[in-house]
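Dumped query36.cif below, it's mmCIF, C-alpha atoms and all ligand atoms:
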```
data_coords
loop_
_atom_site.group_PDB
_atom_site.id
_atom_site.type_symbol
_atom_site.label_atom_id
_atom_site.label_comp_id
_atom_site.auth_asym_id
_atom_site.auth_seq_id
_atom_site.Cartn_x
_atom_site.Cartn_y
_atom_site.Cartn_z
ATOM 1 C CA MET A 65 12.785 -4.886 -6.618
ATOM 2 C CA LEU A 66 9.636 -6.672 -5.464
ATOM 3 C CA LYS A 67 9.143 -10.100 -6.989
ATOM 4 C CA ILE A 68 6.025 -12.078 -6.182
ATOM 5 C CA THR A 69 5.856 -15.616 -7.522
ATOM 6 C CA ASP A 70 3.024 -18.146 -7.440
ATOM 7 C CA LEU A 71 1.336 -16.445 -4.491
ATOM 8 C CA VAL A 72 -1.717 -18.202 -3.067
ATOM 9 C CA LYS A 73 -3.883 -17.050 -0.182
ATOM 10 C CA ARG A 74 -6.795 -18.992 1.300
ATOM 11 C CA TYR A 75 -8.554 -17.678 4.368
ATOM 12 C CA ASP A 76 -9.357 -20.469 6.842
ATOM 13 C CA GLY A 77 -8.955 -23.203 4.257
ATOM 14 C CA GLY A 78 -11.632 -21.712 1.966
ATOM 15 C CA GLU A 79 -11.438 -21.000 -1.743
ATOM 16 C CA PRO A 80 -8.229 -19.204 -2.717
ATOM 17 C CA VAL A 81 -8.638 -15.420 -2.933
ATOM 18 C CA LEU A 82 -5.179 -15.073 -4.528
ATOM 19 C CA LYS A 83 -4.574 -17.673 -7.202
ATOM 20 C CA ASN A 84 -0.965 -18.371 -8.204
ATOM 21 C CA LEU A 85 -0.288 -14.716 -8.658
ATOM 22 C CA ASP A 86 2.957 -13.375 -10.183
ATOM 23 C CA LEU A 87 3.964 -9.704 -10.051
ATOM 24 C CA THR A 88 7.308 -7.936 -10.391
ATOM 25 C CA ILE A 89 7.888 -4.267 -9.647
ATOM 26 C CA GLU A 90 11.239 -2.797 -10.530
ATOM 27 C CA GLY A 91 12.685 0.608 -9.822
ATOM 28 C CA GLU A 92 10.766 3.655 -8.729
ATOM 29 C CA SER A 93 7.558 3.035 -10.648
ATOM 30 C CA VAL A 94 4.119 3.899 -9.313
ATOM 31 C CA VAL A 95 1.831 0.940 -9.828
ATOM 32 C CA SER A 96 -1.890 0.879 -9.172
ATOM 33 C CA ILE A 97 -3.970 -2.208 -8.505
ATOM 34 C CA ILE A 98 -7.563 -1.981 -9.634
ATOM 35 C CA GLY A 99 -10.433 -4.462 -9.618
ATOM 36 C CA SER A 100 -13.891 -5.148 -8.244
ATOM 37 C CA SER A 101 -14.621 -5.461 -4.573
ATOM 38 C CA GLY A 102 -13.364 -8.834 -3.415
ATOM 39 C CA ALA A 103 -10.822 -9.203 -6.236
ATOM 40 C CA GLY A 104 -8.063 -9.585 -3.632
ATOM 41 C CA LYS A 105 -6.340 -6.194 -3.849
ATOM 42 C CA SER A 106 -6.086 -5.600 -0.100
ATOM 43 C CA THR A 107 -5.147 -9.208 0.528
ATOM 44 C CA LEU A 108 -2.269 -8.854 -1.929
ATOM 45 C CA LEU A 109 -0.974 -5.708 -0.234
ATOM 46 C CA ARG A 110 -1.369 -7.281 3.203
ATOM 47 C CA CYS A 111 0.507 -10.412 2.162
ATOM 48 C CA ILE A 112 3.447 -8.231 1.163
ATOM 49 C CA ASN A 113 3.808 -6.718 4.629
ATOM 50 C CA ARG A 114 2.616 -9.955 6.261
ATOM 51 C CA LEU A 115 -0.419 -8.439 7.952
ATOM 52 C CA VAL A 116 -1.956 -11.442 6.203
ATOM 53 C CA GLU A 117 -0.065 -14.757 6.062
ATOM 54 C CA PRO A 118 0.357 -16.056 2.503
ATOM 55 C CA THR A 119 -0.706 -19.702 2.115
ATOM 56 C CA SER A 120 2.105 -20.448 -0.357
ATOM 57 C CA GLY A 121 4.372 -18.769 -2.867
ATOM 58 C CA SER A 122 7.241 -16.343 -2.685
ATOM 59 C CA ILE A 123 7.547 -12.600 -2.042
ATOM 60 C CA VAL A 124 11.075 -11.245 -2.388
ATOM 61 C CA LEU A 125 11.886 -7.618 -1.608
ATOM 62 C CA ASN A 126 15.376 -6.573 -2.683
ATOM 63 C CA GLY A 127 16.757 -10.068 -2.145
ATOM 64 C CA THR A 128 14.924 -10.879 1.108
ATOM 65 C CA GLU A 129 12.300 -13.637 1.016
ATOM 66 C CA LEU A 130 9.539 -12.162 3.166
ATOM 67 C CA THR A 131 7.228 -15.169 3.482
ATOM 68 C CA SER A 132 9.546 -17.200 5.717
ATOM 69 C CA LEU A 133 10.612 -14.442 8.130
ATOM 70 C CA ARG A 134 9.790 -14.672 11.832
ATOM 71 C CA GLY A 135 10.353 -12.594 14.962
ATOM 72 C CA GLY A 136 13.042 -9.911 14.807
ATOM 73 C CA LYS A 137 13.821 -10.540 11.144
ATOM 74 C CA LEU A 138 10.166 -10.044 10.220
ATOM 75 C CA ARG A 139 10.020 -6.824 12.235
ATOM 76 C CA ALA A 140 13.185 -5.573 10.521
ATOM 77 C CA ALA A 141 11.779 -6.364 7.082
ATOM 78 C CA ARG A 142 8.470 -4.669 7.917
ATOM 79 C CA ARG A 143 10.331 -1.455 8.700
ATOM 80 C CA LYS A 144 11.411 -1.434 5.072
ATOM 81 C CA ILE A 145 7.795 -1.538 3.895
ATOM 82 C CA GLY A 146 5.960 1.764 4.378
ATOM 83 C CA MET A 147 2.183 1.542 4.552
ATOM 84 C CA VAL A 148 -0.385 4.277 3.926
ATOM 85 C CA PHE A 149 -3.968 3.497 4.971
ATOM 86 C CA GLN A 150 -7.409 4.615 3.824
ATOM 87 C CA GLY A 151 -8.356 5.671 7.356
ATOM 88 C CA PHE A 152 -4.916 7.242 7.985
ATOM 89 C CA ASN A 153 -4.383 5.154 11.196
ATOM 90 C CA LEU A 154 -3.074 8.094 13.211
ATOM 91 C CA VAL A 155 -3.155 8.343 16.993
ATOM 92 C CA GLU A 156 -5.663 11.183 17.145
ATOM 93 C CA ARG A 157 -4.690 12.635 20.542
ATOM 94 C CA LEU A 158 -0.991 12.781 19.658
ATOM 95 C CA THR A 159 0.676 15.627 17.792
ATOM 96 C CA VAL A 160 1.713 15.461 14.175
ATOM 97 C CA MET A 161 5.381 15.175 15.212
ATOM 98 C CA GLU A 162 4.583 12.318 17.603
ATOM 99 C CA ASN A 163 2.616 10.510 14.932
ATOM 100 C CA VAL A 164 5.334 11.014 12.374
ATOM 101 C CA GLN A 165 8.028 9.794 14.777
ATOM 102 C CA SER A 166 6.113 6.582 15.320
ATOM 103 C CA GLY A 167 7.510 5.646 11.909
ATOM 104 C CA ARG A 168 10.859 5.346 13.695
ATOM 105 C CA LEU A 169 9.610 2.820 16.266
ATOM 106 C CA GLY A 170 11.852 -0.179 16.006
ATOM 107 C CA TYR A 171 14.789 2.020 15.031
ATOM 108 C CA ILE A 172 15.027 3.742 18.443
ATOM 109 C CA SER A 173 14.750 2.341 21.984
ATOM 110 C CA SER A 174 11.310 1.974 23.568
ATOM 111 C CA TRP A 175 12.448 4.277 26.367
ATOM 112 C CA ALA A 176 13.378 7.035 23.920
ATOM 113 C CA ALA A 177 10.029 6.616 22.180
ATOM 114 C CA ILE A 178 8.004 6.721 25.417
ATOM 115 C CA MET A 179 9.904 9.786 26.653
ATOM 116 C CA ARG A 180 9.584 11.420 23.222
ATOM 117 C CA ARG A 181 13.375 11.772 23.148
ATOM 118 C CA TYR A 182 13.712 11.550 19.409
ATOM 119 C CA PRO A 183 17.220 11.578 17.892
ATOM 120 C CA LYS A 184 18.123 14.962 16.378
ATOM 121 C CA LYS A 185 18.543 13.453 12.950
ATOM 122 C CA ASP A 186 15.020 12.004 13.122
ATOM 123 C CA ILE A 187 13.597 15.405 14.043
ATOM 124 C CA ARG A 188 15.515 16.992 11.192
ATOM 125 C CA ARG A 189 14.270 14.348 8.758
ATOM 126 C CA ALA A 190 10.697 14.754 10.003
ATOM 127 C CA TYR A 191 10.819 18.501 9.375
ATOM 128 C CA GLU A 192 12.302 17.977 5.908
ATOM 129 C CA LEU A 193 9.506 15.589 4.968
ATOM 130 C CA MET A 194 6.770 17.636 6.644
ATOM 131 C CA GLU A 195 8.013 20.724 4.776
ATOM 132 C CA ARG A 196 7.966 18.726 1.577
ATOM 133 C CA VAL A 197 4.314 17.740 1.974
ATOM 134 C CA GLY A 198 3.228 21.084 3.471
ATOM 135 C CA ILE A 199 2.437 20.197 7.096
ATOM 136 C CA ALA A 200 5.528 21.435 8.992
ATOM 137 C CA HIS A 201 3.521 24.235 10.607
ATOM 138 C CA TYR A 202 1.304 21.577 12.200
ATOM 139 C CA ALA A 203 4.196 19.770 13.930
ATOM 140 C CA ASN A 204 2.788 20.458 17.407
ATOM 141 C CA THR A 205 -0.895 20.257 16.475
ATOM 142 C CA ARG A 206 -2.944 17.260 17.554
ATOM 143 C CA ALA A 207 -3.828 14.949 14.677
ATOM 144 C CA ASP A 208 -7.560 15.189 15.436
ATOM 145 C CA GLN A 209 -7.481 18.883 14.526
ATOM 146 C CA LEU A 210 -6.402 18.266 10.932
ATOM 147 C CA SER A 211 -8.469 17.804 7.772
ATOM 148 C CA GLY A 212 -8.505 14.463 5.959
ATOM 149 C CA GLY A 213 -5.948 15.577 3.387
ATOM 150 C CA GLU A 214 -3.631 16.882 6.092
ATOM 151 C CA ARG A 215 -3.994 13.651 8.040
ATOM 152 C CA GLN A 216 -3.103 11.613 5.008
ATOM 153 C CA ARG A 217 0.005 13.755 4.553
ATOM 154 C CA VAL A 218 0.930 12.839 8.125
ATOM 155 C CA GLY A 219 0.341 9.191 7.209
ATOM 156 C CA VAL A 220 2.627 9.531 4.194
ATOM 157 C CA VAL A 221 5.393 11.217 6.202
ATOM 158 C CA ARG A 222 5.127 8.575 8.946
ATOM 159 C CA ALA A 223 5.573 5.846 6.323
ATOM 160 C CA LEU A 224 8.553 7.668 4.794
ATOM 161 C CA MET A 225 10.172 8.078 8.223
ATOM 162 C CA GLN A 226 10.622 4.301 8.183
ATOM 163 C CA ASP A 227 13.135 4.842 5.393
ATOM 164 C CA PRO A 228 11.209 2.269 3.363
ATOM 165 C CA GLU A 229 12.323 0.335 0.306
ATOM 166 C CA ILE A 230 8.746 0.237 -0.967
ATOM 167 C CA LEU A 231 5.560 2.133 -0.170
ATOM 168 C CA LEU A 232 2.213 0.335 -0.111
ATOM 169 C CA ALA A 233 -0.954 2.419 -0.121
ATOM 170 C CA ASP A 234 -4.309 0.752 0.582
ATOM 171 C CA GLU A 235 -7.025 2.994 -0.910
ATOM 172 C CA PRO A 236 -5.179 6.113 0.278
ATOM 173 C CA THR A 237 -7.706 8.541 -1.196
ATOM 174 C CA ALA A 238 -10.993 6.730 -0.573
ATOM 175 C CA SER A 239 -11.834 8.923 2.448
ATOM 176 C CA LEU A 240 -10.964 12.197 0.718
ATOM 177 C CA ASP A 241 -12.837 14.684 -1.447
ATOM 178 C CA PRO A 242 -11.958 14.621 -5.181
ATOM 179 C CA LYS A 243 -9.585 17.590 -5.137
ATOM 180 C CA THR A 244 -7.690 16.469 -2.041
ATOM 181 C CA SER A 245 -7.615 12.986 -3.439
ATOM 182 C CA GLU A 246 -5.858 14.203 -6.579
ATOM 183 C CA GLN A 247 -3.368 16.158 -4.475
ATOM 184 C CA ILE A 248 -2.469 13.058 -2.465
ATOM 185 C CA MET A 249 -2.103 10.952 -5.628
ATOM 186 C CA GLY A 250 0.125 13.641 -7.157
ATOM 187 C CA LEU A 251 2.173 13.700 -3.987
ATOM 188 C CA LEU A 252 2.665 9.924 -3.988
ATOM 189 C CA ARG A 253 3.726 10.022 -7.631
ATOM 190 C CA ASP A 254 6.181 12.871 -7.066
ATOM 191 C CA LEU A 255 7.643 11.355 -3.898
ATOM 192 C CA ALA A 256 8.214 8.040 -5.691
ATOM 193 C CA GLY A 257 10.382 9.898 -8.221
ATOM 194 C CA GLU A 258 12.178 12.076 -5.679
ATOM 195 C CA LEU A 259 12.945 9.245 -3.251
ATOM 196 C CA LYS A 260 13.461 6.592 -5.942
ATOM 197 C CA LEU A 261 10.825 4.482 -4.277
ATOM 198 C CA PRO A 262 8.455 1.952 -5.830
ATOM 199 C CA VAL A 263 4.865 2.672 -4.793
ATOM 200 C CA LEU A 264 2.034 0.151 -5.011
ATOM 201 C CA ILE A 265 -1.425 1.656 -4.674
ATOM 202 C CA ASN A 266 -4.691 -0.241 -4.260
ATOM 203 C CA ILE A 267 -7.296 2.108 -5.686
ATOM 204 C CA HIS A 268 -10.929 2.081 -6.846
ATOM 205 C CA ASN A 269 -10.741 5.359 -8.737
ATOM 206 C CA VAL A 270 -9.692 4.302 -12.236
ATOM 207 C CA ALA A 271 -9.389 7.897 -13.507
ATOM 208 C CA GLU A 272 -6.833 8.619 -10.780
ATOM 209 C CA ALA A 273 -5.011 5.358 -11.479
ATOM 210 C CA LYS A 274 -4.722 6.393 -15.135
ATOM 211 C CA GLU A 275 -3.646 9.931 -14.346
ATOM 212 C CA TYR A 276 -1.151 9.370 -11.546
ATOM 213 C CA THR A 277 0.386 5.929 -11.975
ATOM 214 C CA ASP A 278 2.854 4.495 -14.493
ATOM 215 C CA ARG A 279 1.386 1.036 -14.642
ATOM 216 C CA ILE A 280 -2.001 -0.495 -13.921
ATOM 217 C CA VAL A 281 -2.480 -4.009 -12.646
ATOM 218 C CA GLY A 282 -6.061 -5.229 -13.037
ATOM 219 C CA MET A 283 -7.193 -8.014 -10.733
ATOM 220 C CA ARG A 284 -10.215 -10.193 -11.168
ATOM 221 C CA TYR A 285 -11.057 -12.674 -8.439
ATOM 222 C CA GLY A 286 -7.561 -13.441 -7.285
ATOM 223 C CA ARG A 287 -5.780 -13.247 -10.608
ATOM 224 C CA ILE A 288 -3.971 -10.535 -12.513
ATOM 225 C CA ILE A 289 -5.711 -10.273 -15.870
ATOM 226 C CA PHE A 290 -4.319 -6.900 -16.988
ATOM 227 C CA ASP A 291 -0.841 -5.444 -16.498
ATOM 228 C CA ASP A 292 0.121 -2.550 -18.727
ATOM 229 C CA VAL A 293 0.544 1.207 -19.098
ATOM 230 C CA PRO A 294 -2.583 3.307 -18.436
ATOM 231 C CA SER A 295 -3.092 4.134 -22.126
ATOM 232 C CA LYS A 296 -3.748 0.426 -22.798
ATOM 233 C CA LEU A 297 -6.635 0.288 -20.324
ATOM 234 C CA ASP A 298 -9.401 0.525 -22.901
ATOM 235 C CA ARG A 299 -13.113 -0.283 -22.623
ATOM 236 C CA ASP A 300 -12.503 -3.929 -23.430
ATOM 237 C CA ALA A 301 -9.892 -4.305 -20.682
ATOM 238 C CA MET A 302 -12.192 -2.523 -18.229
ATOM 239 C CA ASP A 303 -15.012 -4.918 -19.083
ATOM 240 C CA ARG A 304 -12.788 -7.916 -18.470
ATOM 241 C CA ILE A 305 -11.580 -6.559 -15.129
ATOM 242 C CA TYR A 306 -14.981 -5.535 -13.810
ATOM 243 C CA SER A 307 -17.297 -8.194 -15.214
ATOM 244 C CA GLY A 308 -18.285 -11.580 -13.837
ATOM 245 C CA SER A 309 -18.642 -12.984 -10.369
ATOM 246 C CA PRO A 310 -16.453 -15.106 -8.091
ATOM 247 C CA HIS A 311 -18.800 -18.013 -8.735
ATOM 248 C CA ALA A 312 -18.340 -17.730 -12.512
ATOM 249 C CA ASP A 313 -14.599 -17.553 -12.047
ATOM 250 C CA ARG A 314 -14.451 -20.698 -9.912
ATOM 251 C CA SER A 315 -16.128 -22.695 -12.629
ATOM 252 C CA ASP A 316 -13.329 -22.101 -15.108
ATOM 253 C CA THR A 317 -10.104 -24.075 -15.240
ATOM 254 C CA GLY A 318 -7.447 -21.592 -14.381
ATOM 255 C CA VAL A 319 -7.769 -18.969 -17.080
ATOM 256 C CA ALA A 320 -9.948 -16.027 -16.103
ATOM 257 C CA ALA A 321 -13.278 -16.059 -17.875
ATOM 258 C CA GLN A 322 -13.590 -13.438 -20.588
HETATM 259 N N1 LIG B 401 -9.866 -11.833 7.115
HETATM 260 C C1 LIG B 401 -10.570 -12.464 6.176
HETATM 261 N N2 LIG B 401 -11.138 -13.646 6.422
HETATM 262 C C2 LIG B 401 -11.822 -14.314 5.477
HETATM 263 N N3 LIG B 401 -11.996 -13.849 4.214
HETATM 264 C C3 LIG B 401 -11.466 -12.655 3.906
HETATM 265 C C4 LIG B 401 -10.718 -11.905 4.869
HETATM 266 N N4 LIG B 401 -10.284 -10.753 4.269
HETATM 267 C C5 LIG B 401 -10.745 -10.792 3.006
HETATM 268 N N5 LIG B 401 -11.444 -11.932 2.790
HETATM 269 C C6 LIG B 401 -12.080 -12.325 1.521
HETATM 270 O O1 LIG B 401 -11.078 -12.347 0.528
HETATM 271 C C7 LIG B 401 -11.594 -11.867 -0.719
HETATM 272 C C8 LIG B 401 -10.715 -10.716 -1.197
HETATM 273 O O2 LIG B 401 -10.871 -9.630 -0.290
HETATM 274 P P1 LIG B 401 -9.999 -8.296 -0.397
HETATM 275 O O3 LIG B 401 -10.403 -7.427 0.742
HETATM 276 O O4 LIG B 401 -8.578 -8.650 -0.551
HETATM 277 O O5 LIG B 401 -10.550 -7.716 -1.772
HETATM 278 P P2 LIG B 401 -10.406 -6.248 -2.343
HETATM 279 O O6 LIG B 401 -10.171 -6.403 -3.793
HETATM 280 O O7 LIG B 401 -9.402 -5.479 -1.582
HETATM 281 O O8 LIG B 401 -11.865 -5.676 -2.076
HETATM 282 P P3 LIG B 401 -12.304 -4.163 -1.750
HETATM 283 O O9 LIG B 401 -12.049 -3.392 -2.990
HETATM 284 O O10 LIG B 401 -13.753 -4.281 -1.433
HETATM 285 O O11 LIG B 401 -11.494 -3.724 -0.575
HETATM 286 C C9 LIG B 401 -13.032 -11.485 -0.459
HETATM 287 O O12 LIG B 401 -13.852 -12.549 -0.882
HETATM 288 C C10 LIG B 401 -13.099 -11.307 1.041
HETATM 289 O O13 LIG B 401 -14.378 -11.619 1.532
#
```

Rewrite the coordinates I just gave you, this time as structure tokens.
Amino acid sequence: MLKITDLVKRYDGGEPVLKNLDLTIEGESVVSIIGSSGAGKSTLLRCINRLVEPTSGSIVLNGTELTSLRGGKLRAARRKIGMVFQGFNLVERLTVMENVQSGRLGYISSWAAIMRRYPKKDIRRAYELMERVGIAHYANTRADQLSGGERQRVGVVRALMQDPEILLADEPTASLDPKTSEQIMGLLRDLAGELKLPVLINIHNVAEAKEYTDRIVGMRYGRIIFDDVPSKLDRDAMDRIYSGSPHADRSDTGVAAQ
């Protein structure tokens, strides 16, 4: 379970971009976060894996408070948080297998990683997952020879190789064509069910959020103003999520302007 309580983030002492935000995700649900540019979606995701330091508040993943972790304990916790990126973040000149095995960094010795001496069980697991997402035949192909959709599949497998307790996806389909984008969203949804994994997806495409996720969280300038099943995201809710400006929001007293 992921439980976020009273989370605040200010960059460099400026106005808060996350404002006392509460969010709980239980079980294997697929949750999308939608909202205008600047609403704080990426900041929220990055606070969870501590790529961004929260200013205050609590983020607990399966009993571990993430905000206070340092050093080795932080690295260990980060291994349990798989991340899928918009730009895939692959090492282009490395093979698919090498990219996928980088998800095991931190689990195996640096020497083994440098020498590409991957444990047999990790190779077996990589093939299982690559088979599952349809890229096993590319195991020895360099990442820069793959299409966007294939690269994102590599990104997904790399994240799953971490044996994560949660998967975070930051605009995972924004660089893909519509059909490939739907395939990747379908894959994330199916994998969440198969691996019993909660998945939190920051996404601009509302139609895909409605189609492929169980729950939609709507953010507006640092606050969650909608949190419900996709069928409840009607025109009125959309207007509330996508209207206004940060300036207008700052002038209110804590409740998002309607
Ligand atoms: N590193 C940073 N330093 C200072 N301000 C930042 C930084 N990163 C983000 N911000 C600001 O925080 C606010 C929220 O940004 P964030 O990227 O989280 O929004 P978002 O909802 O993900 O937007 P988008 O959909 O465009 O990616 C914005 O006002 C942005 O300018």

**Report entry** All residues having an atom within 10 Å of ligand LIG 401 (chain B) (all atoms listed in the file) as a ChimeraX atom specification
**Finding:** /A:73-82,97-111,116,234-235,266-268,283-286,310

Query raised in the report: Which polymer residues have any atom within 9 Å of an atom of A:Asn153, counting only C-alpha atoms, with same-chain residues fewer than 4 positions away left out, as a PyMOL selection string?
Result: chain A and resi 148-149+219

Query raised in the report: For this file, the PyMOL selection byres (((chain A and resi 186-199) around 9) and not hetatm) selects which residues, as a ChimeraX atom specification?
Result: /A:160-161,164-165,168,182-185,200-203,214,217-218,220-222,224-225,251

Same residues, C-alpha atoms, saved as an mmCIF file, keeping the file's coordinate frame:
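This is the output file selection.cif:
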```cif
data_model
loop_
_atom_site.group_PDB
_atom_site.id
_atom_site.type_symbol
_atom_site.label_atom_id
_atom_site.label_comp_id
_atom_site.auth_asym_id
_atom_site.auth_seq_id
_atom_site.Cartn_x
_atom_site.Cartn_y
_atom_site.Cartn_z
ATOM 1 C CA VAL A 160 1.713 15.461 14.175
ATOM 2 C CA MET A 161 5.381 15.175 15.212
ATOM 3 C CA VAL A 164 5.334 11.014 12.374
ATOM 4 C CA GLN A 165 8.028 9.794 14.777
ATOM 5 C CA ARG A 168 10.859 5.346 13.695
ATOM 6 C CA TYR A 182 13.712 11.550 19.409
ATOM 7 C CA PRO A 183 17.220 11.578 17.892
ATOM 8 C CA LYS A 184 18.123 14.962 16.378
ATOM 9 C CA LYS A 185 18.543 13.453 12.950
ATOM 10 C CA ALA A 200 5.528 21.435 8.992
ATOM 11 C CA HIS A 201 3.521 24.235 10.607
ATOM 12 C CA TYR A 202 1.304 21.577 12.200
ATOM 13 C CA ALA A 203 4.196 19.770 13.930
ATOM 14 C CA GLU A 214 -3.631 16.882 6.092
ATOM 15 C CA ARG A 217 0.005 13.755 4.553
ATOM 16 C CA VAL A 218 0.930 12.839 8.125
ATOM 17 C CA VAL A 220 2.627 9.531 4.194
ATOM 18 C CA VAL A 221 5.393 11.217 6.202
ATOM 19 C CA ARG A 222 5.127 8.575 8.946
ATOM 20 C CA LEU A 224 8.553 7.668 4.794
ATOM 21 C CA MET A 225 10.172 8.078 8.223
ATOM 22 C CA LEU A 251 2.173 13.700 -3.987
#
```

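Computed from the coordinates, the atom CA of A:Ser93 to atom CA of A:Leu138 distance equals 24.8 Å.
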
Requested in this report: Using the chain letters and numbers from the file, give me the residues hit by the PyMOL selection byres (((chain A and resi 141) around 12) and not hetatm), as a VMD selection string.
Outcome: chain A and resid 112 to 114 123 to 140 142 to 146 170 to 171 226 to 230

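Nearest to A:Gln216 of all the residues A:Gly257, A:Gly151, A:Pro242, A:Gly167 is A:Gly151, based on only C-alpha atoms.
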
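We find atom CA of A:Val72 and atom CA of A:Leu85 to be spaced 6.7 Å apart.
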
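As for atom CA of A:Tyr276 and atom CA of A:Val94, they are spaced 7.9 Å apart.
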
Report summary line: Using only C-alpha atoms, the shortest atom-to-atom distance to A:Ile289 among A:Ile305, A:Asp70, A:Lys274, A:Leu264 belongs to A:Ile305

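Shortest separation to A:Glu90 among A:Arg287, A:Lys243, A:Arg299, A:Lys260 occurs at residue A:Lys260, atoms counted being all atoms listed in the file.
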
Residue members of the PyMOL selection byres (((chain A and resi 92) around 12) and not hetatm) in the file shown, as a CSV table (one decimal) with C-alpha atoms, in the coordinates of the input:
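Output below, filename part32.csv:
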```
chain,number,residue,atom,x,y,z
A,65,MET,CA,12.8,-4.9,-6.6
A,66,LEU,CA,9.6,-6.7,-5.5
A,89,ILE,CA,7.9,-4.3,-9.6
A,90,GLU,CA,11.2,-2.8,-10.5
A,91,GLY,CA,12.7,0.6,-9.8
A,93,SER,CA,7.6,3.0,-10.6
A,94,VAL,CA,4.1,3.9,-9.3
A,95,VAL,CA,1.8,0.9,-9.8
A,229,GLU,CA,12.3,0.3,0.3
A,230,ILE,CA,8.7,0.2,-1.0
A,231,LEU,CA,5.6,2.1,-0.2
A,252,LEU,CA,2.7,9.9,-4.0
A,253,ARG,CA,3.7,10.0,-7.6
A,254,ASP,CA,6.2,12.9,-7.1
A,255,LEU,CA,7.6,11.4,-3.9
A,256,ALA,CA,8.2,8.0,-5.7
A,257,GLY,CA,10.4,9.9,-8.2
A,258,GLU,CA,12.2,12.1,-5.7
A,259,LEU,CA,12.9,9.2,-3.3
A,260,LYS,CA,13.5,6.6,-5.9
A,261,LEU,CA,10.8,4.5,-4.3
A,262,PRO,CA,8.5,2.0,-5.8
A,263,VAL,CA,4.9,2.7,-4.8
A,264,LEU,CA,2.0,0.2,-5.0
A,277,THR,CA,0.4,5.9,-12.0
A,278,ASP,CA,2.9,4.5,-14.5
A,279,ARG,CA,1.4,1.0,-14.6
```

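Each of A:Ser96, A:Ser245, A:Ser295, A:Ser166 was checked against A:Gly282 using only C-alpha atoms; the smallest atom-to-atom distance is that of A:Ser96.
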
Build an axis-aligned box that encloses every atom of stretch 153-157 of chain A listed in the file, pad it by 6 Å on each side, and report its centre and edge lengths in Å to one decimal, as lines of an AutoDock Vina configuration file.
```
center_x = -4.4
center_y = 8.9
center_z = 15.9
size_x = 14.6
size_y = 19.5
size_z = 21.3
```

Will you model N, CA and C atoms for stretch 295-309 of chain A and pass it back as a short mmCIF file (atom, residue, chain, number, x, y, z; two decimals), in the coordinates of the input?
```cif
data_model
loop_
_atom_site.label_atom_id
_atom_site.label_comp_id
_atom_site.auth_asym_id
_atom_site.auth_seq_id
_atom_site.Cartn_x
_atom_site.Cartn_y
_atom_site.Cartn_z
N SER A 295 -2.47 3.88 -20.82
CA SER A 295 -3.09 4.13 -22.13
C SER A 295 -3.68 2.86 -22.74
N LYS A 296 -3.25 1.71 -22.26
CA LYS A 296 -3.75 0.43 -22.80
C LYS A 296 -5.03 -0.04 -22.09
N LEU A 297 -5.42 0.70 -21.06
CA LEU A 297 -6.64 0.29 -20.32
C LEU A 297 -7.86 0.82 -21.06
N ASP A 298 -8.26 0.08 -22.10
CA ASP A 298 -9.40 0.52 -22.90
C ASP A 298 -10.70 -0.09 -22.37
N ARG A 299 -11.79 0.19 -23.05
CA ARG A 299 -13.11 -0.28 -22.62
C ARG A 299 -13.14 -1.81 -22.48
N ASP A 300 -12.51 -2.47 -23.43
CA ASP A 300 -12.50 -3.93 -23.43
C ASP A 300 -11.79 -4.47 -22.18
N ALA A 301 -10.64 -3.86 -21.87
CA ALA A 301 -9.89 -4.30 -20.68
C ALA A 301 -10.70 -4.03 -19.42
N MET A 302 -11.35 -2.87 -19.39
CA MET A 302 -12.19 -2.52 -18.23
C MET A 302 -13.31 -3.55 -18.05
N ASP A 303 -13.93 -3.94 -19.17
CA ASP A 303 -15.01 -4.92 -19.08
C ASP A 303 -14.51 -6.24 -18.51
N ARG A 304 -13.33 -6.64 -18.95
CA ARG A 304 -12.79 -7.92 -18.47
C ARG A 304 -12.48 -7.84 -16.97
N ILE A 305 -11.96 -6.69 -16.55
CA ILE A 305 -11.58 -6.56 -15.13
C ILE A 305 -12.82 -6.52 -14.24
N TYR A 306 -13.84 -5.80 -14.70
CA TYR A 306 -14.98 -5.54 -13.81
C TYR A 306 -16.21 -6.41 -14.05
N SER A 307 -16.11 -7.36 -14.98
CA SER A 307 -17.30 -8.19 -15.21
C SER A 307 -17.21 -9.49 -14.41
N GLY A 308 -18.30 -10.24 -14.42
CA GLY A 308 -18.28 -11.58 -13.84
C GLY A 308 -18.52 -11.60 -12.35
N SER A 309 -18.43 -12.79 -11.80
CA SER A 309 -18.64 -12.98 -10.37
C SER A 309 -17.65 -14.03 -9.89
#
```
